[in-house]
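> run-v1.csv is reproduced in full below (CSV, C-alpha atoms).
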```csv
chain,number,residue,atom,x,y,z
C,1,MET,CA,-17.0,-28.0,-21.3
C,2,LEU,CA,-17.4,-24.2,-21.0
C,3,SER,CA,-20.1,-22.4,-22.8
C,4,GLU,CA,-19.3,-21.2,-26.4
C,5,ALA,CA,-18.5,-17.6,-25.4
C,6,PRO,CA,-15.6,-15.8,-27.0
C,7,GLN,CA,-12.4,-16.3,-25.1
C,8,SER,CA,-12.1,-12.6,-24.5
C,9,SER,CA,-15.4,-12.5,-22.6
C,10,LEU,CA,-14.5,-15.3,-20.2
C,11,LEU,CA,-13.8,-14.3,-16.6
C,12,THR,CA,-10.5,-15.4,-15.1
C,13,ALA,CA,-9.3,-15.8,-11.5
C,14,TYR,CA,-6.9,-13.0,-10.7
C,15,GLU,CA,-4.4,-13.4,-7.8
C,16,TYR,CA,-5.3,-11.4,-4.8
C,17,PRO,CA,-3.9,-10.8,-1.2
C,18,HIS,CA,-5.3,-12.8,1.7
C,19,TYR,CA,-6.2,-10.9,4.8
C,20,ILE,CA,-7.7,-13.4,7.2
C,21,LYS,CA,-7.7,-17.1,7.9
C,22,TYR,CA,-11.2,-18.3,6.8
C,23,MET,CA,-12.9,-21.7,7.0
C,24,GLY,CA,-14.6,-22.7,3.8
C,25,SER,CA,-12.8,-20.2,1.7
C,26,LYS,CA,-13.1,-20.9,-2.0
C,27,SER,CA,-9.6,-19.7,-2.8
C,28,LYS,CA,-8.3,-23.3,-3.4
C,29,ILE,CA,-11.1,-24.0,-6.0
C,30,MET,CA,-11.5,-20.5,-7.4
C,31,ASP,CA,-10.8,-21.6,-10.9
C,32,PHE,CA,-13.6,-24.2,-10.6
C,33,VAL,CA,-16.0,-21.5,-9.2
C,34,ILE,CA,-15.2,-19.0,-12.0
C,35,ASN,CA,-15.5,-21.7,-14.7
C,36,GLY,CA,-19.0,-22.3,-13.3
C,37,ILE,CA,-19.9,-18.6,-13.4
C,38,ASN,CA,-18.6,-18.5,-17.0
C,39,GLU,CA,-21.2,-21.2,-17.8
C,40,VAL,CA,-24.1,-18.9,-17.0
C,41,TYR,CA,-22.8,-15.3,-17.0
C,42,ALA,CA,-24.6,-13.2,-19.6
C,43,GLY,CA,-23.4,-9.8,-18.6
C,44,GLY,CA,-24.3,-7.3,-15.8
C,45,THR,CA,-23.4,-7.4,-12.2
C,46,ILE,CA,-22.3,-10.5,-10.3
C,47,LEU,CA,-23.8,-10.7,-6.8
C,48,ASP,CA,-21.8,-12.7,-4.3
C,49,LEU,CA,-24.6,-13.4,-1.9
C,50,PHE,CA,-22.7,-14.9,1.0
C,51,ALA,CA,-19.3,-13.2,0.5
C,52,GLY,CA,-17.6,-14.3,3.7
C,53,SER,CA,-13.9,-13.5,3.2
C,54,ALA,CA,-14.8,-11.8,-0.1
C,55,SER,CA,-12.4,-14.1,-2.1
C,56,LEU,CA,-14.6,-13.9,-5.2
C,57,ALA,CA,-14.4,-10.1,-5.1
C,58,GLY,CA,-10.6,-10.4,-4.9
C,59,ALA,CA,-10.4,-12.9,-7.8
C,60,LEU,CA,-12.7,-11.0,-10.1
C,61,ARG,CA,-11.4,-7.5,-9.3
C,62,ASN,CA,-12.3,-5.1,-12.0
C,63,GLN,CA,-13.3,-7.5,-14.8
C,64,VAL,CA,-17.1,-6.9,-14.1
C,65,PRO,CA,-19.3,-5.0,-11.6
C,66,VAL,CA,-19.4,-7.0,-8.4
C,67,HIS,CA,-22.0,-6.7,-5.6
C,68,SER,CA,-20.4,-8.3,-2.5
C,69,ASN,CA,-22.9,-9.0,0.2
C,70,ASP,CA,-22.8,-10.7,3.6
C,71,ILE,CA,-24.8,-10.1,6.8
C,72,GLN,CA,-21.5,-9.8,8.7
C,73,GLU,CA,-20.0,-6.4,8.3
C,74,TYR,CA,-16.4,-7.4,8.3
C,75,SER,CA,-17.0,-9.0,4.9
C,76,ALA,CA,-18.0,-5.7,3.4
C,77,VAL,CA,-14.6,-4.2,4.6
C,78,LEU,CA,-12.7,-7.1,3.0
C,79,ALA,CA,-14.6,-6.6,-0.2
C,80,GLN,CA,-14.0,-2.9,-0.2
C,81,ALA,CA,-10.2,-3.6,0.2
C,82,TYR,CA,-10.4,-5.7,-3.0
C,83,LEU,CA,-12.9,-3.7,-5.1
C,84,THR,CA,-13.0,0.0,-4.2
C,85,ALA,CA,-9.8,0.9,-2.2
C,86,TYR,CA,-7.2,2.9,-3.9
C,87,LYS,CA,-4.1,4.9,-2.9
C,88,GLY,CA,-5.0,8.4,-4.1
C,89,LYS,CA,-2.7,11.2,-3.5
C,90,ASN,CA,-2.6,11.2,0.3
C,91,ALA,CA,-2.5,7.6,1.4
C,92,PRO,CA,-0.5,7.2,4.6
C,93,THR,CA,2.6,5.1,4.6
C,94,ALA,CA,3.0,2.2,7.1
C,95,ASP,CA,5.4,4.5,9.1
C,96,ASP,CA,2.8,7.2,9.3
C,97,LEU,CA,0.2,4.8,10.8
C,98,VAL,CA,2.7,3.2,13.1
C,99,GLN,CA,3.9,6.6,14.5
C,100,LYS,CA,0.3,7.5,15.2
C,101,ALA,CA,-0.5,4.2,16.8
C,102,GLU,CA,2.7,4.3,18.9
C,103,CYS,CA,1.7,7.7,20.3
C,104,ILE,CA,-1.6,6.2,21.4
C,105,ALA,CA,-0.3,2.9,22.7
C,106,LYS,CA,2.4,4.5,24.8
C,107,LYS,CA,-0.3,6.3,26.8
C,108,HIS,CA,-1.6,2.9,28.0
C,109,LEU,CA,1.5,0.8,28.5
C,110,TYR,CA,1.3,1.5,32.2
C,111,LEU,CA,-1.3,-1.2,32.3
C,112,ILE,CA,1.3,-3.8,31.4
C,113,THR,CA,2.7,-4.5,34.9
C,114,ASP,CA,5.0,-7.4,35.7
C,115,ARG,CA,2.0,-9.6,36.5
C,116,LEU,CA,0.8,-9.3,32.9
C,117,GLN,CA,4.1,-9.9,31.1
C,118,TYR,CA,5.2,-13.1,29.4
C,119,LYS,CA,8.9,-13.0,30.3
C,120,ASP,CA,10.9,-15.2,32.6
C,121,ILE,CA,8.2,-17.7,32.7
C,122,GLU,CA,9.3,-20.3,35.2
C,123,SER,CA,6.5,-22.9,35.1
C,124,LEU,CA,3.2,-23.9,33.6
C,125,GLN,CA,1.5,-22.5,36.8
C,126,HIS,CA,3.4,-19.2,36.3
C,127,PHE,CA,2.3,-19.0,32.7
C,128,ASN,CA,-1.4,-19.7,33.6
C,129,ASP,CA,-1.3,-17.1,36.3
C,130,VAL,CA,-0.1,-14.5,33.8
C,131,GLU,CA,-2.9,-15.6,31.5
C,132,LYS,CA,-5.5,-15.1,34.2
C,133,ASN,CA,-4.1,-11.7,35.2
C,134,ASN,CA,-4.4,-10.6,31.6
C,135,ARG,CA,-8.0,-11.7,31.5
C,136,LYS,CA,-8.8,-9.8,34.7
C,137,LEU,CA,-8.5,-6.5,32.7
C,138,ILE,CA,-12.2,-7.1,31.8
C,139,GLU,CA,-13.0,-6.0,35.4
C,140,LEU,CA,-11.4,-2.6,35.0
C,141,ASP,CA,-13.1,0.7,34.1
C,142,PHE,CA,-11.3,2.6,31.4
C,143,ASN,CA,-11.3,6.4,30.9
C,144,HIS,CA,-10.4,6.5,27.2
C,145,THR,CA,-12.6,5.6,24.3
C,146,TYR,CA,-10.6,3.0,22.3
C,147,HIS,CA,-10.2,0.3,24.9
C,148,LEU,CA,-12.5,-2.4,23.7
C,149,PHE,CA,-10.0,-5.2,22.9
C,150,THR,CA,-7.8,-4.4,25.9
C,151,LYS,CA,-10.7,-4.8,28.2
C,152,ASN,CA,-12.6,-7.7,26.6
C,153,TYR,CA,-9.9,-9.8,25.0
C,154,ALA,CA,-6.7,-9.5,26.9
C,155,GLY,CA,-5.5,-13.0,27.9
C,156,THR,CA,-7.7,-14.7,25.4
C,157,TRP,CA,-6.5,-14.8,21.8
C,158,TRP,CA,-4.1,-12.0,22.4
C,159,THR,CA,-2.1,-10.5,25.3
C,160,ALA,CA,-3.0,-7.2,26.9
C,161,LEU,CA,0.0,-5.7,25.1
C,162,GLN,CA,-1.2,-6.9,21.7
C,163,CYS,CA,-4.7,-5.7,22.5
C,164,ILE,CA,-3.4,-2.2,23.3
C,165,TRP,CA,-1.9,-2.1,19.8
C,166,ILE,CA,-5.1,-3.4,18.3
C,167,ASP,CA,-7.1,-0.6,19.9
C,168,ALA,CA,-4.4,1.9,18.9
C,169,PHE,CA,-4.5,0.9,15.3
C,170,ARG,CA,-8.2,0.9,15.3
C,171,GLU,CA,-8.3,4.4,16.6
C,172,VAL,CA,-5.9,5.5,13.9
C,173,ALA,CA,-8.0,3.7,11.3
C,174,ASP,CA,-11.0,5.9,12.2
C,175,GLU,CA,-9.0,9.0,11.3
C,176,TYR,CA,-9.3,7.8,7.7
C,177,LYS,CA,-12.9,6.7,7.8
C,178,GLY,CA,-14.6,7.5,4.5
C,179,LYS,CA,-11.4,7.6,2.6
C,180,PRO,CA,-10.4,5.0,0.0
C,181,ILE,CA,-7.6,3.7,2.1
C,182,TYR,CA,-9.7,3.0,5.2
C,183,PRO,CA,-10.6,-0.7,4.4
C,184,VAL,CA,-7.0,-1.5,3.7
C,185,ILE,CA,-6.0,-0.2,7.1
C,186,LEU,CA,-8.7,-2.3,8.8
C,187,THR,CA,-8.0,-5.5,6.8
C,188,SER,CA,-4.3,-5.2,7.5
C,189,LEU,CA,-5.2,-5.1,11.1
C,190,MET,CA,-7.4,-8.2,10.7
C,191,TYR,CA,-4.4,-9.9,9.2
C,192,ALA,CA,-2.1,-8.9,12.1
C,193,MET,CA,-4.7,-10.1,14.5
C,194,ALA,CA,-5.0,-13.5,12.7
C,195,TYR,CA,-1.3,-14.1,12.8
C,196,THR,CA,-0.7,-13.1,16.4
C,197,SER,CA,-3.7,-14.9,17.7
C,198,GLN,CA,-2.9,-18.0,19.8
C,199,GLY,CA,-6.0,-19.7,18.4
C,200,THR,CA,-6.4,-22.1,15.5
C,201,GLY,CA,-7.3,-19.6,12.8
C,202,HIS,CA,-10.7,-18.6,14.1
C,203,TYR,CA,-12.1,-17.1,17.3
C,204,ALA,CA,-14.5,-19.7,18.6
C,205,GLN,CA,-12.5,-20.5,21.7
C,206,TYR,CA,-8.9,-19.6,22.7
C,207,ARG,CA,-6.6,-22.4,23.8
C,208,ASP,CA,-5.6,-23.2,27.3
C,209,ALA,CA,-2.1,-24.3,28.3
C,210,LYS,CA,-2.7,-27.8,29.8
C,211,ASN,CA,0.9,-28.9,29.6
C,212,ILE,CA,4.4,-27.6,28.9
C,213,LYS,CA,4.1,-28.5,25.1
C,214,SER,CA,0.9,-26.5,24.6
C,215,MET,CA,2.3,-23.7,26.8
C,216,LYS,CA,5.4,-23.4,24.6
C,217,ASP,CA,3.3,-23.3,21.4
C,218,ILE,CA,1.0,-20.6,22.8
C,219,MET,CA,4.0,-18.6,23.9
C,220,ILE,CA,5.1,-18.4,20.2
C,221,TYR,CA,2.1,-16.2,19.5
C,222,ARG,CA,2.1,-14.4,22.8
C,223,ARG,CA,5.5,-13.0,21.9
C,224,ARG,CA,4.7,-12.0,18.4
C,225,ASP,CA,4.8,-8.3,17.5
C,226,LEU,CA,1.4,-7.2,16.1
C,227,MET,CA,2.9,-4.1,14.6
C,228,HIS,CA,5.3,-6.2,12.5
C,229,TYR,CA,2.5,-8.1,10.9
C,230,PHE,CA,0.4,-5.0,10.3
C,231,VAL,CA,3.3,-3.2,8.6
C,232,ARG,CA,4.1,-6.2,6.4
C,233,LYS,CA,0.5,-6.7,5.2
C,234,TYR,CA,-0.2,-3.0,4.7
C,235,ASN,CA,3.0,-2.5,2.6
C,236,ASN,CA,2.0,-5.4,0.4
C,237,ALA,CA,-1.5,-4.1,0.1
C,238,LEU,CA,-0.2,-0.7,-1.0
C,239,ILE,CA,1.6,-2.4,-3.9
C,240,ASP,CA,-1.5,-4.4,-4.8
C,241,ILE,CA,-4.2,-1.7,-4.8
C,242,PRO,CA,-4.7,0.7,-7.7
C,243,ALA,CA,-3.6,4.4,-7.6
C,244,THR,CA,-7.0,5.7,-8.7
C,245,LYS,CA,-10.7,4.8,-8.3
C,246,ALA,CA,-12.0,1.7,-9.9
C,247,GLN,CA,-13.9,2.1,-13.2
C,248,GLN,CA,-16.5,-0.6,-12.4
C,249,LYS,CA,-19.5,0.3,-10.2
C,250,HIS,CA,-19.0,-2.1,-7.3
C,251,ILE,CA,-21.3,-2.4,-4.4
C,252,THR,CA,-20.8,-3.8,-0.9
C,253,THR,CA,-23.7,-4.4,1.5
C,254,SER,CA,-24.3,-6.1,4.8
C,255,LEU,CA,-27.8,-7.5,4.3
C,256,ASP,CA,-29.8,-10.7,5.0
C,257,PHE,CA,-29.8,-12.7,1.8
C,258,VAL,CA,-33.5,-12.3,1.2
C,259,ASP,CA,-33.3,-8.5,1.5
C,260,CYS,CA,-30.2,-8.4,-0.7
C,261,LEU,CA,-32.0,-10.3,-3.5
C,262,LYS,CA,-35.0,-7.9,-3.2
C,263,SER,CA,-32.6,-5.0,-4.0
C,264,PHE,CA,-30.6,-6.7,-6.7
C,265,ALA,CA,-31.3,-5.4,-10.2
C,266,GLY,CA,-30.4,-8.7,-11.9
C,267,GLY,CA,-27.4,-10.4,-13.4
C,268,THR,CA,-25.7,-13.5,-12.0
C,269,VAL,CA,-25.9,-14.6,-8.4
C,270,TYR,CA,-23.1,-16.6,-6.8
C,271,ALA,CA,-24.3,-18.3,-3.6
C,272,ASP,CA,-22.0,-20.1,-1.2
C,273,PRO,CA,-24.2,-20.5,1.9
C,274,PRO,CA,-23.0,-22.3,5.1
C,275,TYR,CA,-22.9,-26.1,4.8
C,276,CYS,CA,-23.0,-27.2,8.4
C,277,PHE,CA,-24.6,-26.6,11.7
C,278,VAL,CA,-21.9,-24.3,13.1
C,279,HIS,CA,-22.6,-20.6,12.7
C,280,TYR,CA,-19.8,-18.5,11.2
C,281,SER,CA,-20.6,-15.7,13.5
C,282,ARG,CA,-19.2,-17.8,16.3
C,283,PHE,CA,-15.9,-18.2,14.5
C,284,TYR,CA,-15.4,-14.6,13.4
C,285,HIS,CA,-17.1,-12.5,16.0
C,286,ALA,CA,-13.8,-10.9,17.0
C,287,ILE,CA,-13.3,-9.3,13.6
C,288,GLU,CA,-17.0,-8.4,13.4
C,289,THR,CA,-16.4,-6.5,16.7
C,290,LEU,CA,-13.3,-4.9,15.3
C,291,VAL,CA,-15.2,-3.4,12.4
C,292,LYS,CA,-18.3,-2.4,14.4
C,293,TYR,CA,-16.2,-1.4,17.5
C,294,ASP,CA,-19.5,-1.0,19.4
C,295,TYR,CA,-18.6,-2.4,22.8
C,296,PRO,CA,-21.1,-5.2,22.6
C,297,GLU,CA,-22.7,-7.1,25.5
C,298,LEU,CA,-20.9,-10.4,25.9
C,299,GLN,CA,-22.8,-13.7,26.1
C,300,ILE,CA,-23.5,-15.0,29.6
C,301,LYS,CA,-24.5,-18.6,30.3
C,302,GLY,CA,-25.3,-20.0,33.7
C,303,GLY,CA,-24.3,-16.6,35.2
C,304,LYS,CA,-20.8,-16.9,33.8
C,305,LEU,CA,-19.1,-15.2,30.9
C,306,VAL,CA,-18.9,-17.6,28.0
C,307,LYS,CA,-15.3,-18.6,27.3
C,308,GLY,CA,-15.4,-17.5,23.7
C,309,ARG,CA,-16.5,-14.0,24.7
C,310,TYR,CA,-19.1,-14.0,21.9
C,311,ARG,CA,-21.2,-11.0,21.1
C,312,GLU,CA,-24.7,-11.2,22.5
C,313,GLY,CA,-27.3,-11.6,19.7
C,314,ARG,CA,-24.9,-12.6,17.0
C,315,HIS,CA,-26.3,-13.8,13.7
C,316,GLN,CA,-27.8,-17.3,13.4
C,317,SER,CA,-28.1,-18.5,9.7
C,318,PRO,CA,-31.1,-20.5,8.7
C,319,PHE,CA,-28.8,-22.5,6.4
C,320,CYS,CA,-27.2,-23.9,9.6
C,321,ILE,CA,-30.5,-25.0,11.2
C,322,ARG,CA,-31.9,-28.3,10.0
C,323,THR,CA,-35.5,-27.3,10.5
C,324,LYS,CA,-35.0,-24.1,8.5
C,325,VAL,CA,-32.6,-25.0,5.7
C,326,SER,CA,-35.1,-26.2,3.1
C,327,LYS,CA,-37.2,-23.0,3.4
C,328,ALA,CA,-33.9,-20.9,3.3
C,329,PHE,CA,-33.0,-22.5,-0.1
C,330,ARG,CA,-36.5,-22.1,-1.4
C,331,ASP,CA,-36.5,-18.4,-0.4
C,332,MET,CA,-33.1,-18.0,-2.1
C,333,PHE,CA,-34.2,-19.7,-5.3
C,334,GLU,CA,-37.4,-17.6,-5.5
C,335,GLY,CA,-35.4,-14.4,-4.8
C,336,VAL,CA,-33.0,-15.2,-7.7
C,337,LYS,CA,-35.9,-16.1,-10.0
C,338,SER,CA,-37.8,-12.9,-9.2
C,339,THR,CA,-34.8,-10.8,-10.5
C,340,GLY,CA,-34.5,-12.9,-13.7
C,341,SER,CA,-30.9,-13.6,-12.6
C,342,ASN,CA,-28.8,-16.7,-13.4
C,343,LEU,CA,-27.4,-18.6,-10.4
C,344,VAL,CA,-24.2,-20.5,-9.5
C,345,LEU,CA,-24.7,-22.3,-6.1
C,346,SER,CA,-21.7,-23.9,-4.3
C,347,TYR,CA,-22.7,-26.8,-2.1
C,348,SER,CA,-21.3,-30.0,-0.6
C,349,LYS,CA,-22.6,-33.6,-0.2
C,350,ASN,CA,-22.0,-33.1,3.5
C,351,GLY,CA,-24.3,-30.1,3.8
C,352,MET,CA,-27.3,-29.7,6.0
C,353,ILE,CA,-29.6,-30.7,3.1
C,354,SER,CA,-29.2,-33.7,0.8
C,355,MET,CA,-28.3,-33.1,-2.9
C,356,ASP,CA,-31.5,-34.9,-3.9
C,357,THR,CA,-33.6,-32.5,-1.8
C,358,LEU,CA,-31.7,-29.6,-3.1
C,359,GLU,CA,-32.3,-30.7,-6.7
C,360,ALA,CA,-36.1,-31.2,-6.1
C,361,LEU,CA,-36.3,-27.6,-4.7
C,362,ALA,CA,-34.4,-26.2,-7.6
C,363,VAL,CA,-36.5,-28.0,-10.2
C,364,ASP,CA,-39.7,-27.0,-8.4
C,365,VAL,CA,-38.9,-23.3,-8.1
C,366,PHE,CA,-37.1,-22.6,-11.4
C,367,GLY,CA,-39.2,-24.9,-13.5
C,368,LYS,CA,-39.2,-24.6,-17.3
C,369,ASP,CA,-37.9,-21.0,-17.2
C,370,TYR,CA,-34.4,-22.2,-16.5
C,371,THR,CA,-31.9,-24.9,-17.6
C,372,LEU,CA,-30.5,-26.6,-14.5
C,373,ASP,CA,-27.2,-28.5,-14.3
C,374,MET,CA,-24.8,-29.6,-11.6
C,375,VAL,CA,-21.0,-29.6,-12.2
C,376,ALA,CA,-18.7,-31.7,-10.0
C,377,THR,CA,-15.2,-30.7,-9.0
C,378,ASP,CA,-13.8,-32.8,-11.9
C,379,TYR,CA,-16.1,-30.8,-14.2
C,380,LYS,CA,-18.5,-33.6,-14.8
C,381,HIS,CA,-21.9,-32.3,-15.8
C,382,MET,CA,-25.2,-33.7,-14.5
C,383,THR,CA,-28.6,-32.4,-15.7
C,384,LEU,CA,-30.9,-31.8,-12.8
C,385,GLY,CA,-34.3,-33.3,-12.9
C,386,ARG,CA,-33.3,-36.0,-15.4
C,387,GLN,CA,-33.9,-39.5,-14.1
C,388,GLY,CA,-30.9,-41.9,-14.3
C,389,ASP,CA,-28.4,-39.0,-14.2
C,390,ARG,CA,-27.5,-39.3,-10.6
C,391,HIS,CA,-24.0,-38.7,-9.3
C,392,ARG,CA,-24.1,-37.6,-5.7
C,393,ASP,CA,-20.8,-38.8,-4.4
C,394,VAL,CA,-18.9,-35.5,-5.1
C,395,GLU,CA,-17.4,-33.6,-2.3
C,396,GLU,CA,-18.1,-30.2,-3.8
C,397,CYS,CA,-20.4,-29.2,-6.7
C,398,LEU,CA,-21.9,-26.2,-8.4
C,399,VAL,CA,-25.6,-26.0,-9.2
C,400,LEU,CA,-26.1,-23.9,-12.3
C,401,ALA,CA,-29.4,-22.2,-13.1
C,402,LYS,CA,-29.5,-20.3,-16.4
C,403,HIS,CA,-32.5,-18.3,-17.6
C,404,ARG,CA,-33.7,-19.6,-20.9
```
Output the file's structure as structure tokens, nothing else.


Amino acid sequence: MLSEAPQSSLLTAYEYPHYIKYMGSKSKIMDFVINGINEVYAGGTILDLFAGSASLAGALRNQVPVHSNDIQEYSAVLAQAYLTAYKGKNAPTADDLVQKAECIAKKHLYLITDRLQYKDIESLQHFNDVEKNNRKLIELDFNHTYHLFTKNYAGTWWTALQCIWIDAFREVADEYKGKPIYPVILTSLMYAMAYTSQGTGHYAQYRDAKNIKSMKDIMIYRRRDLMHYFVRKYNNALIDIPATKAQQKHITTSLDFVDCLKSFAGGTVYADPPYCFVHYSRFYHAIETLVKYDYPELQIKGGKLVKGRYREGRHQSPFCIRTKVSKAFRDMFEGVKSTGSNLVLSYSKNGMISMDTLEALAVDVFGKDYTLDMVATDYKHMTLGRQGDRHRDVEECLVLAKHR
């Protein structure tokens, strides 16, 4: 049962546009998450400590001040599209952006020779030869600034032609940097990239065509028009975002969780750390690179370029490392307690740490200063620290810590 707050004070899950495909997104259980936040929320700012795709920012919108944080910079852009973007008087139309991108792209279409084109494909061998020729663009030197995706990612998740358009829209986006529409342009580009990519929704590794069936499936995405997907999402976003600046004082940061908690003035923390051993930076490095646009060194192993073309030095979360996860949770709990904040923690029974260990850490850190409960997806309450009250067979749960 929800806490006895007046109905008017309860937060609700607003509908919001989706910009990227994201593993572990809470969009499907957003009502469950926000019900949990309502259990402990006592006013002030809500800090989304591991914001990821920023779905909580999208769902909460302007109901309360939101501080959206994630060490990956693409997350801040997504949060800004939900929280702080607005049209203003001079927001460009989709046609304005396309015309500018088209002028840029046309200057570089000479790169798309017959050897790089996906037309009149006669065989699996022919298709794979075209793929290899696209990937060879990484060997070229370019004499214009915005060529990062054309050079590094042609023939991987996207074709050289699609990459030319990615770079062109990215160049156009920078014309609006610092303006309230900027994050909407970038997130619309993220959307277009996601739905023209031949991958499976992330960028860990692109697919190889090993037979005719896989070749035909990949060809569906190779032939998609990136501009079409950009325009569709941008037009929808213009309908969704407000005309004027948000009234709430929202914040977006790209900090390590410990540093973020040190800067948090207090309120309620929502924490959704990674559950398993795979690092999210491996799956979303391409959109991190899109946002940074910093021409990173690509990872080399055994003297060869890694197939995933990952950024060198990408973030490794302690929540994904078995020897570090316990300390990471303790650091997080202590950081929350030091600010006097309440906490809602999402976690799974299949996580890197057992629910019993997680409970012991929470009881030890929060002690008598907090009431501690766990809520399962069926909204069954369990009081942490109470013997005989053990239900650890839930797939997803919320740990609730409320300051007394």

> One decimal, Å: what's the distance from atom CA of C:Val336 over to atom CA of C:Pro65, could you say?

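For atom CA of C:Val336 relative to atom CA of C:Pro65, the distance reads 17.5 Å.
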
> With distances taken over only C-alpha atoms, which residue among C:Ile251, C:Asp114, C:Lys119, C:Phe142 lies nearest C:Ala57?

C:Ile251

> What's the separation between atom CA of C:Ile46 and atom CA of C:Met30, in Å to one decimal place?

15.0 Å

> Considering all atoms listed in the file, can you say which of C:Leu60, C:Pro17, C:Thr156, C:Gly178 comes closest to C:Ile37?

C:Leu60

> With all atoms listed in the file as the counted atoms, please give the residues lying no more than 12 Å from C:Lys210, apart from itself and same-chain residues fewer than 4 positions off, as a PyMOL selection string.

chain C and resi 123-125+127-128+214-218

> Taking (-19.9, -10.1, 20.4) in the file's own coordinates, collect the residues within 7 Å, counting all atoms listed in the file, and hand them back as a PyMOL selection string.

chain C and resi 285+289+296-298+309-312+314

> Separation of atom CA of C:Lys26 and atom CA of C:Tyr153, in Å?

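Value for the atom CA of C:Lys26-atom CA of C:Tyr153 distance: 29.4 Å.
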
> Determine, counting only C-alpha atoms, which protein, DNA and RNA residues have an atom within 9 Å of an atom of C:Leu398; residues of the same chain fewer than 6 positions away are not included. Present the result as a VMD selection string.

chain C and resid 32 to 33 36 344 to 348 373 to 377

> Excluding C:His250 and residues on its chain fewer than 2 positions from it, collect all residues at most 10 Å away from it, counting only C-alpha atoms, and give them as a list in words.

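In the requested form, the answer reads Thr45, Ile46, Leu47, Ala57, Arg61, Asn62, Val64, Pro65, Val66, His67, Ser68, Ala79, Gln80, Leu83, Thr84, Ala246, Gln247, Gln248 and Thr252 of chain C.
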
> With C-alpha atoms retained, could you export that selection as a PDB file, in the coordinates of the input?


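Full text of part-v8.pdb as output:
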```
ATOM      1  CA  THR C  45     -23.400  -7.400 -12.200  1.00  0.00           C
ATOM      2  CA  ILE C  46     -22.300 -10.500 -10.300  1.00  0.00           C
ATOM      3  CA  LEU C  47     -23.800 -10.700  -6.800  1.00  0.00           C
ATOM      4  CA  ALA C  57     -14.400 -10.100  -5.100  1.00  0.00           C
ATOM      5  CA  ARG C  61     -11.400  -7.500  -9.300  1.00  0.00           C
ATOM      6  CA  ASN C  62     -12.300  -5.100 -12.000  1.00  0.00           C
ATOM      7  CA  VAL C  64     -17.100  -6.900 -14.100  1.00  0.00           C
ATOM      8  CA  PRO C  65     -19.300  -5.000 -11.600  1.00  0.00           C
ATOM      9  CA  VAL C  66     -19.400  -7.000  -8.400  1.00  0.00           C
ATOM     10  CA  HIS C  67     -22.000  -6.700  -5.600  1.00  0.00           C
ATOM     11  CA  SER C  68     -20.400  -8.300  -2.500  1.00  0.00           C
ATOM     12  CA  ALA C  79     -14.600  -6.600  -0.200  1.00  0.00           C
ATOM     13  CA  GLN C  80     -14.000  -2.900  -0.200  1.00  0.00           C
ATOM     14  CA  LEU C  83     -12.900  -3.700  -5.100  1.00  0.00           C
ATOM     15  CA  THR C  84     -13.000   0.000  -4.200  1.00  0.00           C
ATOM     16  CA  ALA C 246     -12.000   1.700  -9.900  1.00  0.00           C
ATOM     17  CA  GLN C 247     -13.900   2.100 -13.200  1.00  0.00           C
ATOM     18  CA  GLN C 248     -16.500  -0.600 -12.400  1.00  0.00           C
ATOM     19  CA  THR C 252     -20.800  -3.800  -0.900  1.00  0.00           C
TER      20      THR C 252
END
```

> Pick from C:Leu137, C:Leu78, C:Ile300, C:Met352: nearest to C:Tyr22, with only C-alpha atoms counted?

C:Leu78

> For C:Met355, which residue among C:Ser197, C:Tyr86, C:Phe329, C:Pro92 is the nearest when counting only C-alpha atoms?

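Looking only at the distances to C:Met355, the closest residue turns out to be C:Phe329.
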
> Residues within 9 Å of stretch 226-235 of chain C, please, as a list in words. Count only C-alpha atoms; anything in the same chain fewer than 6 positions from it doesn't count.

Pro17, Tyr19, Thr93, Ala94, Asp95, Leu97, Val98, Gln162, Cys163, Trp165, Ile166, Phe169, Val184, Ile185, Thr187, Ser188, Leu189, Met190, Tyr191, Ala192, Met193, Tyr195 and Thr196 of chain C

> Name the residues in contact with C:Asp256 at a cut-off of 10 Å, using all atoms listed in the file, excluding same-chain residues fewer than 4 positions from it; report them as a list in words.

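My reading of the contact set: Leu49, Phe50, Asn69, Asp70, Ile71, Gln72, Cys260, Leu261, His315 and Ser317 of chain C.
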
> Create the file for the chosen residues now, containing C-alpha atoms and written as a compact mmCIF listing (two decimals), in the frame of the given file.


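Dumped to selection-v9.txt:
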```txt
# COMPACT_ATOMS: atom_id res chain seq x y z
CA LEU C 49 -24.60 -13.40 -1.90
CA PHE C 50 -22.70 -14.90 1.00
CA ASN C 69 -22.90 -9.00 0.20
CA ASP C 70 -22.80 -10.70 3.60
CA ILE C 71 -24.80 -10.10 6.80
CA GLN C 72 -21.50 -9.80 8.70
CA CYS C 260 -30.20 -8.40 -0.70
CA LEU C 261 -32.00 -10.30 -3.50
CA HIS C 315 -26.30 -13.80 13.70
CA SER C 317 -28.10 -18.50 9.70
```

> Restricting the calculation to all atoms listed in the file: of C:Thr150, C:Thr323, C:Lys337, C:Val291, which residue gets closest to C:Leu109?

C:Thr150

> Rank nothing, just name the residue among C:Gln63, C:Thr357, C:Thr253, C:Thr268 nearest to C:Leu343, using only C-alpha atoms.

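Going through C:Gln63, C:Thr357, C:Thr253, C:Thr268 one by one, the smallest distance to C:Leu343 is for C:Thr268.
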
> List every protein, DNA or RNA residue that has an atom no more than 6 Å from (-29.2, -9.7, -11.0) in the file's coordinate frame, counting only C-alpha atoms, and report them as a PDB file with C-alpha atoms, in the frame of the given file.


```
ATOM      1  CA  PHE C 264     -30.600  -6.700  -6.700  1.00  0.00           C
ATOM      2  CA  ALA C 265     -31.300  -5.400 -10.200  1.00  0.00           C
ATOM      3  CA  GLY C 266     -30.400  -8.700 -11.900  1.00  0.00           C
ATOM      4  CA  GLY C 267     -27.400 -10.400 -13.400  1.00  0.00           C
ATOM      5  CA  THR C 268     -25.700 -13.500 -12.000  1.00  0.00           C
ATOM      6  CA  THR C 339     -34.800 -10.800 -10.500  1.00  0.00           C
ATOM      7  CA  SER C 341     -30.900 -13.600 -12.600  1.00  0.00           C
TER       8      SER C 341
END
```
